[in-house]
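Written out below as structure tokens is the structure these notes cover.
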Amino acid sequence: MKESALVQTRPAKNGGWFHYLANPGRFQRVARPTLPWLAGFALFLTVTGIVWGYWFAPADWQQGNASRIMYVHVPAAWVAMAGYAALAICSFLSLVWRHPLADIAAEEISPIGAGFTAVCLVSGSLWGKPMWGAYWVWDARLTSVLILFFLYLGHIALIRAFDNKAHAYRAAAILALAGAVNLPIIVFSVQWWNTLHQGNTISFTGPSKIYITMLYPLLIASVGFYLTFITLVVARMSSAISERKTTALLRAAAERAQ
Amino acid sequence: MRTPKKRRLYLVLACLVCLGGAVALSLAAFSSSLTYFLSPRQVEAKAPPLGRSFRLGGIVEVGTVATDVSKGEPVTHFAVTDGQAAVKVIYTGVLPDLFREGQGVVAIGSMQKGDVFRASEVLAKHGADYMPKDVEEALKKSGKWNPRFGPPPNAASWDDMSVKGKGA
């Protein structure tokens, strides 16, 4: 109570909203009650989308049942890229405004993002063998997603490689921001170069080249994957904040006892 | 007034612009080597030297596929086209399931004497169009699309082809 009263009476400076939302204590108060709802919606939509896609949606005219891999592959790919975008934004906030919450978010996003990228790569590989005739080819789309995976792994390693956390956050943020140039390359690789990977099916500017009965489960699974990502990241951030608070309290208690 | 935060903001933005520019320039410079395959037109204009391995990509030309199974392993002759040029291809072995006339393929191999591309591997490249079988049949029956001659018509027109009670 005391803390929130203090914050509210603080003069509203430029970008006051930013600071208001970036307070770890306030994050905890919002995240804790929201998490069960987030997790519930994430699970419900993911299961609905995948069950719909795998059992009820029609098979593709060309690829038959193999096309059902898309209900996992495509959402995983979208979340992998959106996750990296979120990582880059957090790194930017961390470098410029030094927000502690942005650092915590960056540290917790990269393992989850790497997981979704791995799901995307493995499911794509299993799709490639029956359809293309190869598990892996070095075309621009596949290679750029593999680089995305390595960027995530590099970020995971770098942010944990320093004894001084402030140095770790700065170095990892620079890596994450530099790696963000890979995102437009992934998105446009199928348009800029000849690739074995097919072009984009879903389009925001024109009709999507997918029949509506296959589009619905794909979109539901995608929203489910996004919510799963958000749930996992928020849960990890929340426990990281609790862990820090606990460590600080224990340390203070030990110092008092001396 | 310039606060440290402002200065960091401009510094990070300037670094990002420089990095983005450098990557864009190098991608533009290397764009030909980032291409996974050459099209028949590119091969016709400037063919790689005989025996040099490269990838050839395009559509299997309609009416050119001939498979000879008399010598044990199937030997397939076909032409890969991009609509403007065509390259003859010979491949020994079993082709992927999606291989057919009008289908996109990427063949790995090299040019031989007589302007023939001998492929050691053929990969099928499928389109980005997903639809149930009955919609495909309805589109074909209505004369709007023949899969042998390219991608389906604008997806906005598929809805008229919907078959009630099918799918989810």
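By order of appearance in the structure tokens: chains A, B, ..., then residues from 1 within every chain, and ligands from 1 in the order shown.
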At a cut-off of 6 Å, can you tabulate as a tab-separated table every residue of chain A near chain B together with its closest atom pair and the distance in Å to one decimal, using only C-alpha atoms and ordering rows by chain then number?
```
residue	atom	partner	partner_atom	distance
A:Phe56	CA	B:Ala168	CA	5.6
A:Ala57	CA	B:Ala168	CA	5.3
A:Pro58	CA	B:Gly167	CA	5.1
A:Ala59	CA	B:Pro132	CA	5.7
A:Asp60	CA	B:Pro132	CA	4.9
A:Trp61	CA	B:Lys133	CA	4.2
A:Val96	CA	B:Leu9	CA	5.2
A:Trp132	CA	B:Ala124	CA	4.5
A:Gly133	CA	B:Leu123	CA	5.5
A:Asp139	CA	B:Tyr36	CA	5.2
A:Trp193	CA	B:Thr35	CA	5.1
A:Asn194	CA	B:Thr35	CA	5.2
A:Thr195	CA	B:Tyr36	CA	5.3
A:Leu196	CA	B:Lys125	CA	5.8
A:Gln198	CA	B:Ala128	CA	5.5
A:Gly199	CA	B:Ala128	CA	5.7
A:Thr201	CA	B:Ala128	CA	5.2
A:Pro207	CA	B:Ala156	CA	5.8
A:Lys209	CA	B:Asp129	CA	4.9
A:Ile210	CA	B:Tyr130	CA	4.5
A:Tyr211	CA	B:Met131	CA	4.8
A:Thr213	CA	B:Ala168	CA	5.7
```
#### Entry: Expected answer as a count of residues only: alpha helix (DSSP H) residues in chain B
41
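Going from atom CA of A:Ile186 to atom CA of A:Val145 covers 6.5 Å.
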#### Entry: Selection: 10 Å around A:Val122, only C-alpha atoms, excl. self and same-chain fewer than 4 positions, as a ChimeraX atom specification
/A:73,116-118,126-128,135-136
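Minimum atom-to-atom distance to A:Asp103, evaluated using only C-alpha atoms, belongs to A:Ile241 out of A:Val223, A:Met131, A:Ile241, A:Leu249.
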